[in-house]
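Colleague: Structure file final-v1.pdb (PDB, C-alpha atoms and all ligand atoms) is given on the next line.
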ATOM      1  CA  MET I   1       2.213 213.951 150.588
ATOM      2  CA  SER I   2       5.947 213.057 150.274
ATOM      3  CA  ALA I   3       8.503 214.511 152.716
ATOM      4  CA  PRO I   4      10.665 217.374 151.333
ATOM      5  CA  PHE I   5      14.437 216.887 151.016
ATOM      6  CA  GLN I   6      17.321 219.338 150.634
ATOM      7  CA  HIS I   7      19.713 217.232 148.539
ATOM      8  CA  LEU I   8      19.375 214.459 146.007
ATOM      9  CA  PHE I   9      22.341 212.121 146.463
ATOM     10  CA  GLY I  10      20.775 208.878 145.319
ATOM     11  CA  ILE I  11      17.800 206.569 145.118
ATOM     12  CA  ALA I  12      18.972 205.063 148.429
ATOM     13  CA  GLN I  13      17.781 208.124 150.387
ATOM     14  CA  LEU I  14      14.310 208.294 148.784
ATOM     15  CA  SER I  15      11.152 206.622 150.020
ATOM     16  CA  ARG I  16       8.715 205.005 147.619
ATOM     17  CA  GLU I  17       6.395 208.007 148.107
ATOM     18  CA  GLN I  18       9.170 210.484 147.255
ATOM     19  CA  ILE I  19      10.094 208.560 144.097
ATOM     20  CA  GLU I  20       6.470 208.356 143.002
ATOM     21  CA  HIS I  21       5.988 212.052 143.731
ATOM     22  CA  LEU I  22       9.019 213.040 141.587
ATOM     23  CA  VAL I  23       7.880 210.813 138.715
ATOM     24  CA  GLN I  24       4.371 212.281 138.906
ATOM     25  CA  LEU I  25       5.723 215.830 139.012
ATOM     26  CA  GLY I  26       7.994 214.979 136.057
ATOM     27  CA  GLU I  27       4.998 213.702 134.107
ATOM     28  CA  SER I  28       3.229 217.015 134.670
ATOM     29  CA  PHE I  29       6.215 218.849 133.128
ATOM     30  CA  ILE I  30       6.396 216.809 129.868
ATOM     31  CA  GLU I  31       3.819 219.006 128.190
ATOM     32  CA  LEU I  32       5.763 222.241 128.867
ATOM     33  CA  SER I  33       8.576 221.152 126.551
ATOM     34  CA  ARG I  34       6.103 220.413 123.761
ATOM     35  CA  ARG I  35       4.566 223.908 123.805
ATOM     36  CA  PRO I  36       5.594 226.469 121.161
ATOM     37  CA  VAL I  37       6.719 228.766 124.009
ATOM     38  CA  LYS I  38       8.645 226.586 126.465
ATOM     39  CA  LYS I  39       8.719 228.821 129.508
ATOM     40  CA  ALA I  40       7.172 228.853 133.000
ATOM     41  CA  PRO I  41       8.021 231.219 135.876
ATOM     42  CA  THR I  42       8.349 228.463 138.544
ATOM     43  CA  LEU I  43      12.055 229.023 139.308
ATOM     44  CA  ARG I  44      12.336 232.761 138.618
ATOM     45  CA  GLY I  45      15.046 234.270 140.829
ATOM     46  CA  LYS I  46      16.693 230.879 141.491
ATOM     47  CA  THR I  47      20.273 230.098 140.479
ATOM     48  CA  VAL I  48      21.421 226.648 139.400
ATOM     49  CA  ILE I  49      25.086 225.805 138.816
ATOM     50  CA  ASN I  50      25.998 222.687 136.817
ATOM     51  CA  LEU I  51      29.477 221.554 137.853
ATOM     52  CA  PHE I  52      30.621 218.645 135.702
ATOM     53  CA  PHE I  53      33.964 216.902 136.240
ATOM     54  CA  GLU I  54      33.079 214.097 133.797
ATOM     55  CA  ASN I  55      31.800 214.228 130.228
ATOM     56  CA  SER I  56      28.086 214.455 129.652
ATOM     57  CA  THR I  57      25.679 215.278 126.833
ATOM     58  CA  ARG I  58      22.208 214.279 128.036
ATOM     59  CA  THR I  59      22.441 214.951 131.784
ATOM     60  CA  ARG I  60      24.200 218.315 131.611
ATOM     61  CA  THR I  61      22.074 219.640 128.759
ATOM     62  CA  SER I  62      18.825 218.448 130.291
ATOM     63  CA  PHE I  63      19.593 220.085 133.647
ATOM     64  CA  GLU I  64      20.393 223.293 131.770
ATOM     65  CA  ILE I  65      17.253 223.182 129.630
ATOM     66  CA  ALA I  66      15.119 222.170 132.628
ATOM     67  CA  GLY I  67      16.353 225.142 134.670
ATOM     68  CA  LYS I  68      15.991 227.607 131.793
ATOM     69  CA  ARG I  69      12.482 226.461 130.832
ATOM     70  CA  LEU I  70      11.475 227.088 134.450
ATOM     71  CA  SER I  71      13.106 230.579 134.328
ATOM     72  CA  ALA I  72      16.076 229.844 136.645
ATOM     73  CA  ASP I  73      19.484 231.372 135.949
ATOM     74  CA  VAL I  74      21.684 228.433 134.943
ATOM     75  CA  ILE I  75      25.479 228.470 134.853
ATOM     76  CA  ASN I  76      27.540 225.593 133.429
ATOM     77  CA  ILE I  77      31.057 224.803 134.547
ATOM     78  CA  SER I  78      33.085 221.909 133.186
ATOM     79  CA  ALA I  79      36.225 220.542 134.780
ATOM     80  CA  SER I  80      38.334 221.545 131.791
ATOM     81  CA  THR I  81      37.523 225.244 132.332
ATOM     82  CA  SER I  82      37.423 225.285 136.154
ATOM     83  CA  ALA I  83      40.181 226.162 138.612
ATOM     84  CA  THR I  84      40.554 222.475 139.561
ATOM     85  CA  LYS I  85      42.869 222.437 136.535
ATOM     86  CA  LYS I  86      45.017 224.888 138.525
ATOM     87  CA  GLY I  87      45.135 222.611 141.561
ATOM     88  CA  GLU I  88      42.062 223.762 143.510
ATOM     89  CA  THR I  89      40.404 221.014 145.582
ATOM     90  CA  LEU I  90      36.796 219.972 145.059
ATOM     91  CA  LEU I  91      35.968 221.448 148.466
ATOM     92  CA  ASP I  92      37.479 224.837 147.639
ATOM     93  CA  THR I  93      35.701 224.892 144.281
ATOM     94  CA  GLY I  94      32.447 223.982 146.054
ATOM     95  CA  GLU I  95      32.859 226.638 148.722
ATOM     96  CA  THR I  96      33.758 229.236 146.106
ATOM     97  CA  LEU I  97      30.633 228.521 144.094
ATOM     98  CA  ALA I  98      28.487 228.334 147.245
ATOM     99  CA  ALA I  99      29.724 231.818 148.229
ATOM    100  CA  MET I 100      27.977 233.078 145.079
ATOM    101  CA  GLN I 101      24.695 231.956 146.692
ATOM    102  CA  PRO I 102      23.256 229.487 144.177
ATOM    103  CA  HIS I 103      20.162 227.574 145.234
ATOM    104  CA  VAL I 104      21.232 224.327 143.604
ATOM    105  CA  LEU I 105      24.600 222.825 142.690
ATOM    106  CA  VAL I 106      24.344 219.921 140.235
ATOM    107  CA  ILE I 107      27.515 217.841 140.381
ATOM    108  CA  ARG I 108      28.974 215.026 138.308
ATOM    109  CA  HIS I 109      32.245 213.595 139.610
ATOM    110  CA  SER I 110      34.285 210.441 139.100
ATOM    111  CA  ILE I 111      34.553 209.775 142.852
ATOM    112  CA  SER I 112      31.703 207.904 144.540
ATOM    113  CA  GLY I 113      30.325 209.971 147.414
ATOM    114  CA  ALA I 114      31.678 213.314 146.126
ATOM    115  CA  CYS I 115      28.253 215.001 146.478
ATOM    116  CA  GLU I 116      27.676 213.870 150.066
ATOM    117  CA  PHE I 117      31.201 214.967 150.943
ATOM    118  CA  LEU I 118      30.545 218.492 149.632
ATOM    119  CA  ALA I 119      27.074 218.740 151.118
ATOM    120  CA  ASP I 120      28.505 218.341 154.614
ATOM    121  CA  PHE I 121      30.258 221.657 154.163
ATOM    122  CA  LEU I 122      27.766 223.623 152.066
ATOM    123  CA  PRO I 123      24.646 223.598 154.237
ATOM    124  CA  ASP I 124      22.998 226.523 152.442
ATOM    125  CA  THR I 125      23.088 224.923 148.991
ATOM    126  CA  SER I 126      21.043 222.036 147.631
ATOM    127  CA  ILE I 127      23.210 219.441 145.920
ATOM    128  CA  VAL I 128      22.086 217.095 143.173
ATOM    129  CA  ASN I 129      24.073 214.034 142.204
ATOM    130  CA  ALA I 130      24.315 213.940 138.402
ATOM    131  CA  GLY I 131      26.408 210.745 138.582
ATOM    132  CA  ASP I 132      29.210 209.973 141.056
ATOM    133  CA  GLY I 133      31.685 207.316 139.960
ATOM    134  CA  ALA I 134      30.121 203.856 139.890
ATOM    135  CA  HIS I 135      27.867 204.769 142.835
ATOM    136  CA  GLU I 136      24.504 206.316 141.845
ATOM    137  CA  HIS I 137      22.740 208.217 139.080
ATOM    138  CA  PRO I 138      19.349 209.003 140.617
ATOM    139  CA  THR I 139      17.969 211.352 137.965
ATOM    140  CA  GLN I 140      18.613 208.752 135.227
ATOM    141  CA  VAL I 141      16.588 206.179 137.114
ATOM    142  CA  LEU I 142      13.767 208.650 137.818
ATOM    143  CA  THR I 143      13.809 209.403 134.083
ATOM    144  CA  ASP I 144      13.537 205.689 133.248
ATOM    145  CA  LEU I 145      10.660 205.303 135.695
ATOM    146  CA  LEU I 146       8.845 208.176 134.001
ATOM    147  CA  THR I 147       9.366 206.487 130.615
ATOM    148  CA  LEU I 148       7.942 203.254 132.007
ATOM    149  CA  GLN I 149       5.050 205.178 133.530
ATOM    150  CA  THR I 150       4.100 206.757 130.208
ATOM    151  CA  LYS I 151       4.948 203.851 127.862
ATOM    152  CA  ALA I 152       4.110 200.773 129.935
ATOM    153  CA  GLY I 153       1.667 201.990 132.589
ATOM    154  CA  GLY I 154       4.253 201.828 135.404
ATOM    155  CA  VAL I 155       6.989 199.584 136.667
ATOM    156  CA  SER I 156       5.424 197.639 139.521
ATOM    157  CA  GLY I 157       5.458 193.869 138.871
ATOM    158  CA  LYS I 158       7.628 194.238 135.762
ATOM    159  CA  THR I 159      10.951 192.532 135.026
ATOM    160  CA  MET I 160      13.803 194.753 133.879
ATOM    161  CA  THR I 161      16.763 192.928 132.368
ATOM    162  CA  ILE I 162      19.910 195.045 132.584
ATOM    163  CA  VAL I 163      22.674 193.899 130.250
ATOM    164  CA  GLY I 164      26.345 194.815 130.083
ATOM    165  CA  ASP I 165      28.936 196.481 132.265
ATOM    166  CA  ILE I 166      27.120 196.139 135.594
ATOM    167  CA  ALA I 167      30.342 196.372 137.584
ATOM    168  CA  HIS I 168      30.981 200.003 136.672
ATOM    169  CA  SER I 169      27.403 201.190 136.143
ATOM    170  CA  ARG I 170      25.919 203.727 138.545
ATOM    171  CA  VAL I 171      22.656 203.400 136.601
ATOM    172  CA  ALA I 172      22.401 199.654 137.314
ATOM    173  CA  ARG I 173      23.109 200.265 140.985
ATOM    174  CA  SER I 174      20.428 202.940 141.278
ATOM    175  CA  HIS I 175      17.935 200.642 139.519
ATOM    176  CA  LEU I 176      18.705 197.832 141.972
ATOM    177  CA  LEU I 177      17.888 200.221 144.822
ATOM    178  CA  ALA I 178      14.724 201.514 143.129
ATOM    179  CA  ALA I 179      13.488 198.002 142.307
ATOM    180  CA  LYS I 180      13.235 197.093 145.985
ATOM    181  CA  LYS I 181      11.200 200.193 146.747
ATOM    182  CA  LEU I 182       8.893 200.015 143.732
ATOM    183  CA  ASP I 183       8.401 196.252 143.457
ATOM    184  CA  TYR I 184       9.994 195.483 140.131
ATOM    185  CA  LYS I 185      12.382 192.633 139.418
ATOM    186  CA  VAL I 186      15.867 193.150 138.056
ATOM    187  CA  ARG I 187      17.746 190.522 136.068
ATOM    188  CA  LEU I 188      21.419 191.234 135.487
ATOM    189  CA  VAL I 189      23.179 189.845 132.427
ATOM    190  CA  ALA I 190      26.949 190.102 132.064
ATOM    191  CA  PRO I 191      30.128 188.087 131.811
ATOM    192  CA  LYS I 192      31.587 187.301 135.259
ATOM    193  CA  THR I 193      34.300 189.900 134.664
ATOM    194  CA  LEU I 194      31.701 192.673 134.461
ATOM    195  CA  LEU I 195      29.687 191.759 137.568
ATOM    196  CA  PRO I 196      30.598 192.997 141.045
ATOM    197  CA  ARG I 197      31.165 190.279 143.605
ATOM    198  CA  GLY I 198      28.212 189.725 145.963
ATOM    199  CA  ILE I 199      25.711 191.443 143.659
ATOM    200  CA  GLU I 200      23.119 188.743 144.479
ATOM    201  CA  GLN I 201      22.670 190.435 147.869
ATOM    202  CA  PHE I 202      20.450 192.955 146.049
ATOM    203  CA  GLY I 203      17.951 190.146 145.496
ATOM    204  CA  CYS I 204      18.343 190.121 141.709
ATOM    205  CA  GLU I 205      18.666 187.181 139.309
ATOM    206  CA  VAL I 206      22.057 186.893 137.610
ATOM    207  CA  PHE I 207      22.593 185.448 134.113
ATOM    208  CA  HIS I 208      25.723 184.967 132.047
ATOM    209  CA  ASN I 209      23.726 183.861 129.023
ATOM    210  CA  PHE I 210      21.759 186.754 127.512
ATOM    211  CA  ASP I 211      19.397 184.513 125.485
ATOM    212  CA  ALA I 212      18.295 182.701 128.644
ATOM    213  CA  ALA I 213      17.303 185.996 130.306
ATOM    214  CA  ILE I 214      15.143 187.364 127.486
ATOM    215  CA  PRO I 215      11.879 185.370 127.885
ATOM    216  CA  GLY I 216       9.730 187.037 130.538
ATOM    217  CA  SER I 217      11.558 190.373 130.344
ATOM    218  CA  ASP I 218       9.403 193.492 130.108
ATOM    219  CA  VAL I 219      12.374 195.773 129.523
ATOM    220  CA  LEU I 220      15.744 195.076 127.933
ATOM    221  CA  TYR I 221      17.981 197.788 129.382
ATOM    222  CA  MET I 222      21.309 197.943 127.587
ATOM    223  CA  LEU I 223      24.454 199.430 129.103
ATOM    224  CA  ARG I 224      27.582 200.899 127.562
ATOM    225  CA  MET I 225      30.986 199.534 128.474
ATOM    226  CA  GLN I 226      32.330 202.139 130.949
ATOM    227  CA  SER I 227      35.764 202.320 129.327
ATOM    228  CA  GLU I 228      36.713 205.331 131.505
ATOM    229  CA  ARG I 229      36.318 203.145 134.617
ATOM    230  CA  LEU I 230      37.922 199.944 133.305
ATOM    231  CA  THR I 231      41.348 199.399 134.815
ATOM    232  CA  SER I 232      42.315 196.886 132.130
ATOM    233  CA  ASN I 233      40.824 195.628 128.872
ATOM    234  CA  CYS I 234      40.732 192.004 129.979
ATOM    235  CA  CYS I 235      37.007 191.984 130.785
ATOM    236  CA  PHE I 236      36.046 190.377 127.458
ATOM    237  CA  PRO I 237      38.061 188.961 124.545
ATOM    238  CA  SER I 238      37.054 191.410 121.777
ATOM    239  CA  ILE I 239      34.283 193.845 120.791
ATOM    240  CA  ARG I 240      33.039 191.348 118.171
ATOM    241  CA  GLU I 241      32.744 188.529 120.703
ATOM    242  CA  TYR I 242      31.137 190.845 123.245
ATOM    243  CA  HIS I 243      28.532 191.893 120.687
ATOM    244  CA  GLU I 244      27.846 188.272 119.766
ATOM    245  CA  ALA I 245      27.307 187.239 123.384
ATOM    246  CA  TYR I 246      25.790 190.382 124.935
ATOM    247  CA  GLY I 247      24.736 192.716 122.106
ATOM    248  CA  LEU I 248      21.053 193.270 121.357
ATOM    249  CA  ASN I 249      20.283 192.655 117.682
ATOM    250  CA  ALA I 250      16.995 192.026 115.872
ATOM    251  CA  ALA I 251      17.291 188.217 116.127
ATOM    252  CA  ARG I 252      17.640 188.436 119.902
ATOM    253  CA  LEU I 253      14.881 190.986 120.267
ATOM    254  CA  ALA I 254      12.566 188.612 118.373
ATOM    255  CA  LYS I 255      12.857 186.242 121.359
ATOM    256  CA  ALA I 256      11.278 188.883 123.629
ATOM    257  CA  GLY I 257       7.547 189.417 124.091
ATOM    258  CA  ASP I 258       5.819 191.854 121.737
ATOM    259  CA  ASP I 259       5.435 194.469 124.493
ATOM    260  CA  CYS I 260       9.042 194.333 125.651
ATOM    261  CA  LEU I 261      10.651 197.807 125.658
ATOM    262  CA  VAL I 262      14.266 198.532 124.708
ATOM    263  CA  MET I 263      15.975 201.182 126.806
ATOM    264  CA  HIS I 264      19.480 202.623 127.133
ATOM    265  CA  PRO I 265      20.693 205.549 129.284
ATOM    266  CA  GLY I 266      23.076 206.722 126.522
ATOM    267  CA  PRO I 267      25.580 207.282 125.135
ATOM    268  CA  MET I 268      25.123 204.216 122.899
ATOM    269  CA  ASN I 269      27.936 202.356 121.260
ATOM    270  CA  ARG I 270      26.226 201.040 118.136
ATOM    271  CA  GLY I 271      27.469 197.633 117.090
ATOM    272  CA  VAL I 272      28.747 196.887 120.615
ATOM    273  CA  GLU I 273      25.899 196.599 123.164
ATOM    274  CA  ILE I 274      23.148 197.471 120.670
ATOM    275  CA  ALA I 275      22.709 197.089 116.911
ATOM    276  CA  SER I 276      21.380 200.045 114.913
ATOM    277  CA  GLU I 277      18.450 197.939 113.683
ATOM    278  CA  VAL I 278      17.267 197.768 117.311
ATOM    279  CA  ALA I 279      18.295 201.245 118.472
ATOM    280  CA  ASP I 280      16.331 202.831 115.619
ATOM    281  CA  SER I 281      13.335 200.471 115.795
ATOM    282  CA  ALA I 282       9.832 201.184 117.095
ATOM    283  CA  ARG I 283      10.653 199.049 120.158
ATOM    284  CA  SER I 284      13.372 201.466 121.228
ATOM    285  CA  HIS I 285      12.437 204.125 123.811
ATOM    286  CA  ILE I 286      15.864 205.698 124.011
ATOM    287  CA  LEU I 287      14.752 209.093 122.716
ATOM    288  CA  ASP I 288      11.693 209.021 124.993
ATOM    289  CA  GLN I 289      14.144 208.628 127.869
ATOM    290  CA  VAL I 290      15.975 211.729 126.657
ATOM    291  CA  GLU I 291      12.756 213.757 126.463
ATOM    292  CA  HIS I 292      11.688 212.569 129.912
ATOM    293  CA  GLY I 293      15.117 213.451 131.298
ATOM    294  CA  VAL I 294      14.284 217.144 130.882
ATOM    295  CA  ALA I 295      10.919 216.740 132.635
ATOM    296  CA  ILE I 296      12.429 214.826 135.571
ATOM    297  CA  ARG I 297      15.153 217.412 136.040
ATOM    298  CA  MET I 298      12.475 220.118 136.104
ATOM    299  CA  ALA I 299      10.766 218.120 138.845
ATOM    300  CA  VAL I 300      13.975 217.699 140.847
ATOM    301  CA  LEU I 301      14.948 221.381 140.578
ATOM    302  CA  THR I 302      11.430 222.478 141.548
ATOM    303  CA  GLU I 303      11.441 220.169 144.541
ATOM    304  CA  LEU I 304      14.857 221.272 145.780
ATOM    305  CA  CYS I 305      14.302 224.980 145.223
ATOM    306  CA  GLY I 306      11.276 224.683 147.487
ATOM    307  CA  SER I 307      13.345 223.276 150.379
ATOM    308  CA  SER I 308      14.776 225.596 153.034
ATOM    309  CA  PRO I 309      18.259 224.766 154.302
ATOM    310  CA  GLN I 310      19.357 225.845 157.778
ATOM    311  CA  PRO I 311      22.225 228.344 157.577
ATOM    312  CA  GLN I 312      25.285 227.651 159.776
ATOM    313  CA  ALA I 313      28.208 229.878 160.739
ATOM    314  CA  ARG I 314      30.803 229.841 157.955
ATOM    315  CA  SER I 315      33.731 229.483 160.365
ATOM    316  CA  LYS I 316      32.155 226.346 161.817
ATOM    317  CA  ARG I 317      31.746 224.888 158.331
ATOM    318  CA  ARG I 318      35.358 225.700 157.506
ATOM    319  CA  LYS I 319      36.578 223.960 160.686
ATOM    320  CA  GLN I 320      34.529 220.878 159.862
ATOM    321  CA  ALA I 321      35.881 220.887 156.343
ATOM    322  CA  GLU I 322      39.470 221.131 157.458
ATOM    323  CA  ALA I 323      39.056 218.303 159.962
ATOM    324  CA  ALA I 324      37.458 216.111 157.324
ATOM    325  CA  MET I 325      40.126 216.887 154.761
ATOM    326  CA  GLN I 326      42.823 216.021 157.258
ATOM    327  CA  ALA I 327      41.043 212.750 158.051
ATOM    328  CA  GLN I 328      40.791 211.921 154.351
ATOM    329  CA  GLY I 329      44.355 212.898 153.556
ATOM    330  CA  LYS I 330      42.984 215.696 151.355
ATOM    331  CA  LEU I 331      41.571 213.033 149.109
ATOM    332  CA  LEU I 332      39.200 215.297 147.250
TER
HETATM  333  N1  LIG I 401      24.992 208.346 130.997
HETATM  334  C1  LIG I 401      25.086 207.268 131.965
HETATM  335  C2  LIG I 401      26.021 207.666 133.101
HETATM  336  O1  LIG I 401      26.477 208.797 133.146
HETATM  337  C3  LIG I 401      25.487 205.965 131.363
HETATM  338  C4  LIG I 401      26.815 205.950 130.662
HETATM  339  O2  LIG I 401      27.578 206.911 130.678
HETATM  340  O3  LIG I 401      27.123 204.895 130.077
HETATM  341  O4  LIG I 401      26.277 206.854 133.966
END
Let's see the structure in the file written out as structure tokens.
Ligand code: ASP
Modeller:
Amino acid sequence: MSAPFQHLFGIAQLSREQIEHLVQLGESFIELSRRPVKKAPTLRGKTVINLFFENSTRTRTSFEIAGKRLSADVINISASTSATKKGETLLDTGETLAAMQPHVLVIRHSISGACEFLADFLPDTSIVNAGDGAHEHPTQVLTDLLTLQTKAGGVSGKTMTIVGDIAHSRVARSHLLAAKKLDYKVRLVAPKTLLPRGIEQFGCEVFHNFDAAIPGSDVLYMLRMQSERLTSNCCFPSIREYHEAYGLNAARLAKAGDDCLVMHPGPMNRGVEIASEVADSARSHILDQVEHGVAIRMAVLTELCGSSPQPQARSKRRKQAEAAMQAQGKLL
């Protein structure tokens, strides 16, 4: 039996048992989405708010579909239509939404740690990290683990080779954390300019030559260049050269074992990190990942809606918030 938790900030907080429990619960939800009538009463009477300050197709839509298929009331707010455009702070937006008594607030934000920051002040609401800066993206990694569970019989003992913009990838970071807990190996492949300094401390192998990393890989996990997080375009000479050195095409894939899976968290940039001939091939599990993303988000919402936060006095929360904002120079 895995311990319950109120928030999902990242893979870092989860035990092996909790990760395995969420993946197992996710697996049990796959079938619901394949039924002609895709509805279960599990979250009836629960309210989920999706608050997205960064663009998203898969994550936002899958949280929405997951909540609706489980009968929750789901509200979507994007930064472009929220009052943050009128100068409201993240904390005030969070407190405003929390005052409407949702059970779960799903947040995507460009600042690492934004979810933990808000959670300190919204003790009655469960918060889910749907991607915070280059920090963590826990539900993507749980999704990938579910795909590996169903398509490769699990992840333990496998070697996942993650290729591309590691420096700015919250997905790569969450996989590095998960790998330690679930006993899989991670190989990182990138030019030096796209690798964070000291990454070896995670216990992973680092390659600058993609071809050298392919033999022995069970998964080739391709990453998009995070152009929204690049501070300059000096990380590689040109898109063509990047594709030649780090793109996955059919010739490269032929060097992998027959059972090697191709994965990508999306959105793909065809012709950059992945060629269409690979993305659309039978080896690609990218659309399986999308399908499993809905099931995992059902699992996460079910888990969090079952937790019972301890209410605190609002004035106390406000005082804490003000002190923290002063300390942070009203950063958020
Ligand atoms: N969808 C993933 C994320 O939000 C990967 C990406 O955007 O490249 O981090």
Colleague: Which residues of chain I come within 6 Å of ligand LIG 401 (chain I), and what is each one's closest atom pair and distance in Å (one decimal), counting only C-alpha atoms and all ligand atoms, sorted by chain and residue number, as JSON lines?
Modeller:
{"residue": "I:Gly131", "atom": "CA", "partner": "I:LIG401", "partner_atom": "O1", "distance": 5.8}
{"residue": "I:Arg170", "atom": "CA", "partner": "I:LIG401", "partner_atom": "O4", "distance": 5.6}
{"residue": "I:Val171", "atom": "CA", "partner": "I:LIG401", "partner_atom": "O4", "distance": 5.7}
{"residue": "I:Arg224", "atom": "CA", "partner": "I:LIG401", "partner_atom": "O3", "distance": 4.7}
{"residue": "I:Gln226", "atom": "CA", "partner": "I:LIG401", "partner_atom": "O3", "distance": 6.0}
{"residue": "I:Pro265", "atom": "CA", "partner": "I:LIG401", "partner_atom": "C3", "distance": 5.2}
{"residue": "I:Gly266", "atom": "CA", "partner": "I:LIG401", "partner_atom": "N1", "distance": 5.1}
{"residue": "I:Pro267", "atom": "CA", "partner": "I:LIG401", "partner_atom": "O3", "distance": 5.7}
Colleague: So which one's closest to I:Phe210, I:Gln6, I:Thr139, I:Ser80, I:Asn249? Using all atoms listed in the file, please.
Modeller: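 So, comparing all the options, the nearest one is I:Asn249.
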Colleague: Taking all atoms listed in the file into account, name the residue in I:Asp92, I:Phe9, I:Met263, I:Met100 that is nearest to I:Ser112.
Modeller: I:Phe9
Colleague: Calculate how many Å separate atom CA of I:Leu14 from atom CA of I:Met268, rounding to one decimal.
Modeller: 28.3 Å
Colleague: Step by step, work through what the PyMOL selection byres (((chain I and resi 192) around 12) and not hetatm) selects in the shown file, and finish by giving those residues as a PyMOL selection string.
Modeller: chain I and resi 164-167+188-191+193-199+206-209+234-236
Colleague: Determine, for each residue of stretch 194-307 of chain I having at least one atom at most 12 Å from an atom of stretch 179-182 of chain I, the closest pair of atoms and their separation in Å to one decimal, counting only C-alpha atoms; order by chain and ascending number, as JSON lines.
Modeller:
{"residue": "I:Gln201", "atom": "CA", "partner": "I:Lys180", "partner_atom": "CA", "distance": 11.7}
{"residue": "I:Phe202", "atom": "CA", "partner": "I:Lys180", "partner_atom": "CA", "distance": 8.3}
{"residue": "I:Gly203", "atom": "CA", "partner": "I:Lys180", "partner_atom": "CA", "distance": 8.4}
{"residue": "I:Cys204", "atom": "CA", "partner": "I:Ala179", "partner_atom": "CA", "distance": 9.3}
Colleague: For the structure shown, which residues end up in the PyMOL selection byres (((chain I and resi 99) around 12) and not hetatm)? Put them as a short mmCIF file (atom, residue, chain, number, x, y, z; two decimals) with C-alpha atoms, in the frame of the given file, please?
Modeller:
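The new file result.cif reads:
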data_model
loop_
_atom_site.label_atom_id
_atom_site.label_comp_id
_atom_site.auth_asym_id
_atom_site.auth_seq_id
_atom_site.Cartn_x
_atom_site.Cartn_y
_atom_site.Cartn_z
CA ASP I 92 37.48 224.84 147.64
CA THR I 93 35.70 224.89 144.28
CA GLY I 94 32.45 223.98 146.05
CA GLU I 95 32.86 226.64 148.72
CA THR I 96 33.76 229.24 146.11
CA LEU I 97 30.63 228.52 144.09
CA ALA I 98 28.49 228.33 147.24
CA MET I 100 27.98 233.08 145.08
CA GLN I 101 24.70 231.96 146.69
CA PRO I 102 23.26 229.49 144.18
CA HIS I 103 20.16 227.57 145.23
CA LEU I 105 24.60 222.82 142.69
CA PHE I 121 30.26 221.66 154.16
CA LEU I 122 27.77 223.62 152.07
CA PRO I 123 24.65 223.60 154.24
CA ASP I 124 23.00 226.52 152.44
CA THR I 125 23.09 224.92 148.99
CA ARG I 314 30.80 229.84 157.96
#
Colleague: Report the distance between atom CA of I:Ile65 and atom CA of I:Arg229 in Å, rounded to one decimal place.
Modeller: 28.1 Å
Colleague: With only C-alpha atoms as the basis for distance, which of I:Asp132, I:Asp73, I:Asp144, I:Glu291 is at the shortest distance from I:Val23?
Modeller: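 Going through I:Asp132, I:Asp73, I:Asp144, I:Glu291 one by one, the smallest distance to I:Val23 is for I:Asp144.
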Colleague: Starting from the PyMOL selection byres (((chain I and resi 304) around 9) and not hetatm), expand the selection into actual residues of this file and give them as a list of chain:residue names.
Modeller: I:Pro4, I:Phe5, I:Gln6, I:His7, I:Leu8, I:His103, I:Val104, I:Ser126, I:Ile127, I:Val128, I:Ala299, I:Val300, I:Leu301, I:Thr302, I:Glu303, I:Cys305, I:Gly306, I:Ser307, I:Ser308
Colleague: What does the structure give for the distance between atom CA of I:Leu91 and atom CA of I:Val106, in Å to one decimal?
Modeller: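 Computing the Euclidean distance for atom CA of I:Leu91 and atom CA of I:Val106 yields 14.3 Å.
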Colleague: Taking all listed atoms of stretch 47-51 of chain I, build the axis-aligned box, pad each of the six sides by 5 Å, then write its centre and edge lengths in Å to one decimal as JSON.
Modeller:
{"center_x": 24.9, "center_y": 225.8, "center_z": 138.6, "size_x": 19.2, "size_y": 18.5, "size_z": 13.7}
Colleague: Could you list, as a PyMOL selection string, every residue within 6 Å of I:Leu70, counting all atoms listed in the file and ignoring same-chain residues fewer than 6 positions away?
Modeller: chain I and resi 39-43
Colleague: Quick one: of I:Ala254, I:Ile162, I:Ala114, I:Val294, who's nearest to I:Leu25, counting all atoms listed in the file?
Modeller: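 For I:Leu25, the nearest of the candidates is I:Val294.
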Colleague: With all atoms listed in the file as the atoms that count, which of I:Val163, I:Phe29, I:Leu176, I:Glu228 lies nearest to I:Asp211?
Modeller: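 Selected residue with least distance to I:Asp211: I:Val163.
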Colleague: Taking only C-alpha atoms into account, name the residue in I:Asn50, I:Thr57, I:Thr231, I:Ser110 that is nearest to I:Ser82.
Modeller: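 Among I:Asn50, I:Thr57, I:Thr231, I:Ser110, it is I:Asn50 that comes nearest to I:Ser82.
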Colleague: Excluding I:Phe53 and any residue of its chain fewer than 5 positions from it, enumerate the residues within 7 Å of it, using only C-alpha atoms, and give them as a ChimeraX atom specification.
Modeller: /I:78-79,108-109
Colleague: Distance cut-off 10 Å, centre (17.4, 220.9, 132.2) in file coordinates, counting only C-alpha atoms: which residues qualify? Return them as a ChimeraX atom specification.
Modeller: /I:50,58-70,74,293-301
